[in-house]
Amino acid sequence: MKSWREIPTGSTVLEPGNISEYKTGGWRTFRPVINHEKCIKCLLCWLYCPDESIVITEKGEFEVDLDYCKGCGICAKECPKEAITMVREGQE
Amino acid sequence: MTGRVGIEVSAAVAEAVKLVDVDVVSAYPITPQTHIVERLAELIANGELDAEYINVESEHSALSACVGASAAGARTFTASNSQGLALMHEILYVASGCRLPIVLAIVNRALSAPINIWCDHQDSLGARDTGCVQVYVEDGQEAFDSTLQAFKVAEDQRVLLPFMVCLDGFILSHVIESVNLLDEEEIKGFIKSKMKPKYRLDPDKPISMGVVGGPDIYSEFRRQQEEAMRNAKKVILEVDEEFGKLYGRRYGFFDSYRIKDADVILLTMGSMTGTARVAVDKLRENGKKVGILKVRVFRPFPYREICDAVKGAKVLATVDRNIEPGAFGGVLFTEVRSALHKYEEGPHVVGFITGLGGRDVTVSNFMTMAEKALRVAETGKIERVYEFIGLRE
């Protein structure tokens, strides 16, 4: 961590788009778990996620980026196939 | 206009803002500050000053517009007081937190209720912890000169803080005084016509200002502001010295008057100092050793320098044109007393609260205060640590 002498003057961020460096997944209480058998790849979870935390893998499957997912549960709520369940962190 | 002229002090402040070639003015009218921004609006409208004048619906918006302009690298000015300054209050923290060198003329006025448009220092002193530099001036010349100095101090990269030039409502703002104005050629050697910001909002080089700073970094940003205030002490004197060399007028952190051998020193702020000088001259004629220390720079508070200047006296009498209900004395009283804490054999401090809501602080009031303080000097006993002067009991 930088000292007060090393940070930029004022509450200024000099590197644009640096939010990706700030991992916010630690805020999460519930984690979305996708049932790939039920998933029809309709993209609704990807569309609704407020934090762009639904990612599409090379295989074309949907995964959750747990570095940024805050566990809001919108994806689970919007999924038309109930393919996403919210699981309390620390539990299977 | 240049050279020595008879000019309303508000217009002199506007002339100073014009001289530094300000880029953006945004303000909302409030008595008794209005003449400053009216005059600036006029100068911009008739082409004498090439600047943007942003009309807004409130003081909250006025300072917000200044924050945006200053963040974009514009030299920026606003003016307010009283309820208007109170409405700006939350944005004052934003301006200082983002380290934006906005200059504000605060034309001191009391706060409601009861509604009162006349002078006291409660408004700007209420904003003393917002991270703005504060200077309180005695007369029109000092108002003009301090406004010029304010831009240079505020924009210094070691400082980068908003700067309030506080002048007494009506007593100064609406009075025509003899002021020695400078012209565009003369000012060139003192301040550059464009601000050189450390960071600025620029679409080609995007940065973010005023971002979230959580528990992991907030303290570090606040510590930076504290350092900027400490630096401001140095820069204020440097700029004052440079100003003095160029134009022959110096102000320092404070002005002392006949304090060398004084038993009692009256600590004053603002225009009341002129009246105090008359009282002190009379007291001196009668052999009473009384002097004055006019506190000019209030933030950063020059506690060490003030202590060094006054420690030889027997009694310090603080004259507070403000009241902090529930506190132990007025703002200047608590500040001075706290600064003197380390001096075991230091002078007694007695506090006087006076001149609220524009009530005149008269020569006779100063005589009363001086007599009370002289009695403490003689007896070494303090009957009342602080009290009202000129109040109907």
# chains A, B, ... in the order shown; residues from 1 in each chain; ligands from 1
$ interface_residues --of "chain A" --to "chain B" --cutoff "8 Å" --atoms "only C-alpha atoms" --output "PyMOL selection string"
chain A and resi 3-5+7+9-16
$ residues_around --residues "region 272-287 of chain B" --least-positions-apart "6" --cutoff "10 Å" --atoms "only C-alpha atoms" --output "ChimeraX atom specification"
/B:137-139,168,171,255,257-258,262,265-266,293-295,319,321,355,360-368,370-371
$ select_by_dssp --residues "region 16-71 of chain A" --states "alpha helix (DSSP H)" --output "list in words"
Leu44, Cys45, Trp46, Leu47 and Tyr48 of chain A
$ write_last_selection --atoms "C-alpha atoms" --output "PDB file, in the first residue's frame"
ATOM      1  CA  LEU A  44     -30.422 -12.741 -20.336  1.00  0.00           C
ATOM      2  CA  CYS A  45     -28.096 -13.156 -17.327  1.00  0.00           C
ATOM      3  CA  TRP A  46     -25.250 -11.588 -19.344  1.00  0.00           C
ATOM      4  CA  LEU A  47     -27.544  -8.718 -20.307  1.00  0.00           C
ATOM      5  CA  TYR A  48     -28.899  -8.032 -16.833  1.00  0.00           C
TER       6      TYR A  48
END
$ select_by_dssp --residues "chain A" --states "strand (DSSP E)" --output "MDAnalysis selection string"
chainID A and resid 12:13 30:34 54:56 62:64 84:88
$ write_last_selection --atoms "N, CA and C atoms" --output "PDB file, in the first residue's frame"
ATOM      1  N   THR A  12      -7.557  11.805  -7.012  1.00  0.00           N
ATOM      2  CA  THR A  12      -7.429  11.715  -8.466  1.00  0.00           C
ATOM      3  C   THR A  12      -6.925  10.335  -8.868  1.00  0.00           C
ATOM      4  N   VAL A  13      -7.517   9.786  -9.930  1.00  0.00           N
ATOM      5  CA  VAL A  13      -7.055   8.516 -10.488  1.00  0.00           C
ATOM      6  C   VAL A  13      -6.492   8.818 -11.869  1.00  0.00           C
ATOM      7  N   PHE A  30     -23.726 -14.255  -1.336  1.00  0.00           N
ATOM      8  CA  PHE A  30     -24.252 -15.401  -2.106  1.00  0.00           C
ATOM      9  C   PHE A  30     -23.583 -15.467  -3.467  1.00  0.00           C
ATOM     10  N   ARG A  31     -23.278 -16.682  -3.897  1.00  0.00           N
ATOM     11  CA  ARG A  31     -22.575 -16.888  -5.161  1.00  0.00           C
ATOM     12  C   ARG A  31     -23.524 -17.541  -6.164  1.00  0.00           C
ATOM     13  N   PRO A  32     -23.609 -17.009  -7.401  1.00  0.00           N
ATOM     14  CA  PRO A  32     -24.468 -17.685  -8.388  1.00  0.00           C
ATOM     15  C   PRO A  32     -23.800 -18.971  -8.923  1.00  0.00           C
ATOM     16  N   VAL A  33     -24.561 -20.024  -8.962  1.00  0.00           N
ATOM     17  CA  VAL A  33     -24.041 -21.284  -9.518  1.00  0.00           C
ATOM     18  C   VAL A  33     -24.925 -21.661 -10.710  1.00  0.00           C
ATOM     19  N   ILE A  34     -24.272 -21.847 -11.885  1.00  0.00           N
ATOM     20  CA  ILE A  34     -25.037 -22.097 -13.117  1.00  0.00           C
ATOM     21  C   ILE A  34     -25.156 -23.613 -13.360  1.00  0.00           C
ATOM     22  N   ILE A  54     -20.877 -11.922 -15.909  1.00  0.00           N
ATOM     23  CA  ILE A  54     -21.168 -13.165 -16.630  1.00  0.00           C
ATOM     24  C   ILE A  54     -20.229 -13.199 -17.833  1.00  0.00           C
ATOM     25  N   VAL A  55     -19.394 -14.216 -17.886  1.00  0.00           N
ATOM     26  CA  VAL A  55     -18.434 -14.304 -18.994  1.00  0.00           C
ATOM     27  C   VAL A  55     -18.709 -15.575 -19.797  1.00  0.00           C
ATOM     28  N   ILE A  56     -18.387 -15.490 -21.080  1.00  0.00           N
ATOM     29  CA  ILE A  56     -18.625 -16.639 -21.957  1.00  0.00           C
ATOM     30  C   ILE A  56     -17.262 -17.283 -22.250  1.00  0.00           C
ATOM     31  N   PHE A  62     -21.427 -20.408 -20.196  1.00  0.00           N
ATOM     32  CA  PHE A  62     -21.531 -19.222 -19.353  1.00  0.00           C
ATOM     33  C   PHE A  62     -20.909 -19.499 -17.982  1.00  0.00           C
ATOM     34  N   GLU A  63     -20.056 -18.568 -17.529  1.00  0.00           N
ATOM     35  CA  GLU A  63     -19.441 -18.691 -16.211  1.00  0.00           C
ATOM     36  C   GLU A  63     -19.589 -17.355 -15.486  1.00  0.00           C
ATOM     37  N   VAL A  64     -19.372 -17.416 -14.167  1.00  0.00           N
ATOM     38  CA  VAL A  64     -19.432 -16.176 -13.369  1.00  0.00           C
ATOM     39  C   VAL A  64     -18.005 -15.761 -13.017  1.00  0.00           C
ATOM     40  N   ILE A  84     -29.924 -20.810 -12.587  1.00  0.00           N
ATOM     41  CA  ILE A  84     -28.935 -20.216 -11.673  1.00  0.00           C
ATOM     42  C   ILE A  84     -29.499 -20.244 -10.253  1.00  0.00           C
ATOM     43  N   THR A  85     -28.722 -20.776  -9.326  1.00  0.00           N
ATOM     44  CA  THR A  85     -29.126 -20.749  -7.918  1.00  0.00           C
ATOM     45  C   THR A  85     -28.084 -19.970  -7.135  1.00  0.00           C
ATOM     46  N   MET A  86     -28.543 -19.285  -6.096  1.00  0.00           N
ATOM     47  CA  MET A  86     -27.635 -18.509  -5.249  1.00  0.00           C
ATOM     48  C   MET A  86     -27.264 -19.383  -4.049  1.00  0.00           C
ATOM     49  N   VAL A  87     -25.962 -19.587  -3.882  1.00  0.00           N
ATOM     50  CA  VAL A  87     -25.466 -20.444  -2.802  1.00  0.00           C
ATOM     51  C   VAL A  87     -24.661 -19.599  -1.832  1.00  0.00           C
ATOM     52  N   ARG A  88     -24.929 -19.699  -0.551  1.00  0.00           N
ATOM     53  CA  ARG A  88     -24.193 -18.923   0.447  1.00  0.00           C
ATOM     54  C   ARG A  88     -22.698 -19.276   0.379  1.00  0.00           C
TER      55      ARG A  88
END
$ atom_distance --atom1 "CA of Glu78 (chain A)" --atom2 "CA of Cys39 (chain A)"
12.3 Å
$ closest_residue --among "A:Glu89, A:Glu21, A:Glu58, A:Glu37" --to "Lys70 (chain A)" --atoms "only C-alpha atoms"
A:Glu89
